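Notes for the one structure printed next.
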Amino acid sequence: MGLKLGIAKAGIALCAVALVLTWPHARRSAAFLAAQDDPAQLSELQLSAALQRDPGLIGRNIDEALQAHDPELADSLVQLAATRNITLPDDVKQRVAETVAAERSATGVATRFATGLITGKAEDGASLSGTVAGDLFVFGDIRDVIREGSNLATGAEADRLVLGLAAAGIAITAATYVTVGGAAPVRAGLTLVKDARKVGRLGEGLASWAGRSAREVVDAPALRRAVADGAVVRPDKTVTAVKAAFRTEKAGGLMRLAKDVGRVGEKAGTRGALDTLKIAEGPKDVARAAKLAESKGSQTRAFLKILGRGALLLTTGAWNFAWWIFGALMTLFGLVASLKSGVERLTQSWIDRGKARRARRLIAEAKRAEAERVRADTAVAGLMAPS
């Protein structure tokens with residue numbers, strides 16, 4: 001019994017120590033699994049874990065953003081630090097404020113708007129406004145359709161994704177006017193995806209998916225005819241021909257992607273949308289980024305910079321988290337089983353000791369009775385003995 005009770009006590013101690021060690025990991029794993037469909041909550045958990053490992057993470061990223069001449073990202077990181085009560089040096093905050101003010105100056109905004117209008121490349125909100133303005137007047141999309149379509153017709157290398165996005169943009173521009181801007185987020189989203197493709201900031205997985213979708217929405221022979229007959233100087237004829245080559249019924253996925261990109265751009269800015277397109281592996285990642293942007297707004301870029309794709313979904317396999325939870329549950333089960341065994345052993349020991357005490361008492365009483373009987377018999381014998 002003593003050996004069994006010792007084993008039970010050792011089991012209780014071992015399981016208790018194991019539970020203390022595994023419980024924090026199991027609790028964290030459960031929180032991550034519960035938040036895997038909520039990008040905002042998931043990104044908060046991921047960021048907390050990252051800052052716990054490296055408290056200076058935000059400060060270093062601010063310095064990197066300033067060195068890269070990206071004041072918008074630096075400002076996003078400063079806002080994130082403020083929400084988490086992280087104290088930053090006053091000189092750092094002043095530098096960020098000065099660079100942000102310089103970027104938002106009237107001259108800078110006008111210059112970037114003109115650059116976006118003429119070149120069709122969007123790097124921030126001002127240049128995107130210029131790019132979208134060009135696309136709304138179909139100038140930019142016609143330019144891209146004619147360039148890429150001509151390459152396709154002549155057998156030269158053509159970017160079918162840019163071609164499909166430009167055709168989709170021409171087709172949806174009419175809807176933008178008809179709804180008085182109601183389709184503007186989709187229009188802006190298409191422009192951002194197209195620009196991201198041009199400057200090589202479209203993730204490989206997302207580019208592959210978008211390329212397949214773009215091929216499905218364009219009638220290649222009809223588009224070749226449109227390109228052959230069209231020109232930038234005759235936009236009305238080109239628009240009509242390209243719209244005829246656009247398969248609206250096949251464009252659902254591409255339009256949803258563009259809408260989600262537009263939502264990110266509205267809440268997190270143009271560069272936030274471009275950051276999303278760079279790390280996204282598919283349209284589901286972009287949809288998650290749209291949810292994150294709606295919750296975090298201008299801080300979205302900070303989350304994407306620090307966490308990358310981990311801001312959108314679990315980068316560690318759910319199986320690893322499940323194993324921590326399973327291990328904690330098994331340890332808890334072992335502790336309960338050891339406690340049960342220990343209680344049973346203690347109870348049995350207490351019962352056995354009680355039985356032993358009662359047995360000893362009965363034996364003692366029997367001995368006393370026997371001694372009394374012997375003394376009685378001796379006394380009787382003495383009285384009966386002849387004198």
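In the structure tokens, each chain is lettered A, B, ... as it comes, each chain's residues begin at 1, and ligands are numbered from 1 in order of appearance.
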> Counting only C-alpha atoms, what is within 12 Å of Leu206 (chain A), bar same-chain residues fewer than 2 positions away, as a PyMOL selection string?
Replying inline: chain A and resi 161+193+196-197+200-204+208-214+254+257+276-286
>> Neighbouring residues of region 62-68 of chain A were defined as those with any atom within 12 Å, considering only C-alpha atoms; residues of the same chain fewer than 2 positions away were excluded. Please report them as a ChimeraX atom specification.
In response: /A:56-60,70-81,88-89,91-100,301-302,305-306
>> Just the number, please: distance in Å from CA of Ala290 (chain A) to CA of Asp195 (chain A), one decimal.
In response: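 We find that CA of Ala290 (chain A) and CA of Asp195 (chain A) lie 18.5 Å from each other.
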> Distance CA of Pro185 (chain A)-CA of Ala40 (chain A), one decimal place?
Replying inline: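 Computing it gives 21.6 Å between the two atoms.
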>> One decimal, in Å: what's the spacing between CA of Ala16 (chain A) and CA of Phe333 (chain A)?
In response: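 Answer for the CA of Ala16 (chain A) to CA of Phe333 (chain A) separation: 10.6 Å.
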> Taking into account only C-alpha atoms, which residue in the set A:Gly297, A:Pro55, A:Gly269, A:Gly169 is nearest to Asp141 (chain A)?
Replying inline: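 Result for the nearest residue to Asp141 (chain A): A:Gly169.
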> Any idea what's packed within 9 Å of Lys194 (chain A), counting only C-alpha atoms, ignoring anything in its chain fewer than 3 positions away? Could you give it as a list of chain:residue names?
Replying inline: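 Contacts, in chain order: A:Leu161, A:Val162, A:Leu163, A:Leu165, A:Ala166, A:Gly189, A:Leu190, A:Thr191, A:Arg197, A:Lys198, A:Val199, A:Leu202.
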> Residues of region 250-334 of chain A in alpha helix (DSSP H) according to DSSP, as a PyMOL selection string?
Replying inline: chain A and resi 252-268+270-279+283-296+300-307+318-334
Atoms kept (C-alpha atoms) for selection, written as a compact mmCIF listing (two decimals), in the first residue's frame:
```
# COMPACT_ATOMS: atom_id res chain seq x y z
CA GLY A 252 -17.85 37.65 -60.65
CA GLY A 253 -14.63 36.54 -58.95
CA LEU A 254 -12.57 39.32 -60.45
CA MET A 255 -15.14 41.93 -59.43
CA ARG A 256 -15.23 40.62 -55.85
CA LEU A 257 -11.44 40.85 -55.72
CA ALA A 258 -11.53 44.40 -57.03
CA LYS A 259 -14.22 45.34 -54.52
CA ASP A 260 -12.19 43.96 -51.61
CA VAL A 261 -9.07 45.76 -52.81
CA GLY A 262 -11.10 48.97 -53.05
CA ARG A 263 -12.35 48.47 -49.47
CA VAL A 264 -8.76 48.09 -48.26
CA GLY A 265 -7.79 51.23 -50.15
CA GLU A 266 -10.64 53.21 -48.63
CA LYS A 267 -9.79 52.26 -45.04
CA ALA A 268 -6.03 51.71 -45.09
CA THR A 270 -3.46 53.08 -51.41
CA ARG A 271 -0.19 51.76 -50.04
CA GLY A 272 -2.11 49.56 -47.63
CA ALA A 273 -3.93 48.03 -50.58
CA LEU A 274 -0.66 47.56 -52.47
CA ASP A 275 0.92 45.94 -49.39
CA THR A 276 -2.04 43.56 -49.26
CA LEU A 277 -1.71 42.64 -52.93
CA LYS A 278 1.98 41.93 -52.41
CA ILE A 279 1.49 39.38 -49.62
CA PRO A 283 -8.70 36.36 -53.18
CA LYS A 284 -9.52 34.97 -49.72
CA ASP A 285 -6.44 36.70 -48.31
CA VAL A 286 -7.61 40.00 -49.82
CA ALA A 287 -11.09 39.51 -48.35
CA ARG A 288 -9.50 38.96 -44.94
CA ALA A 289 -7.40 42.10 -45.41
CA ALA A 290 -10.59 44.06 -46.14
CA LYS A 291 -12.02 42.92 -42.79
CA LEU A 292 -8.77 43.85 -41.06
CA ALA A 293 -8.77 47.29 -42.70
CA GLU A 294 -12.38 47.94 -41.68
CA SER A 295 -11.43 47.22 -38.07
CA LYS A 296 -7.93 48.77 -37.88
CA THR A 300 -3.54 48.26 -41.07
CA ARG A 301 -0.21 48.93 -42.76
CA ALA A 302 1.59 48.61 -39.43
CA PHE A 303 0.06 45.18 -38.84
CA LEU A 304 0.93 44.06 -42.37
CA LYS A 305 4.50 45.36 -42.05
CA ILE A 306 5.19 43.61 -38.75
CA LEU A 307 3.22 40.39 -39.26
CA ALA A 318 -3.67 24.59 -36.60
CA TRP A 319 -2.43 21.06 -35.93
CA ASN A 320 0.41 22.45 -33.77
CA PHE A 321 -2.04 24.49 -31.70
CA ALA A 322 -4.35 21.48 -31.40
CA TRP A 323 -1.46 19.41 -30.06
CA TRP A 324 -0.80 21.92 -27.27
CA ILE A 325 -4.47 21.83 -26.32
CA PHE A 326 -4.53 18.04 -26.51
CA GLY A 327 -1.36 17.83 -24.41
CA ALA A 328 -2.83 20.12 -21.75
CA LEU A 329 -6.06 18.11 -21.66
CA MET A 330 -4.15 14.84 -21.35
CA THR A 331 -2.02 16.35 -18.57
CA LEU A 332 -5.18 17.53 -16.82
CA PHE A 333 -6.68 14.08 -17.23
CA GLY A 334 -3.50 12.56 -15.79
```
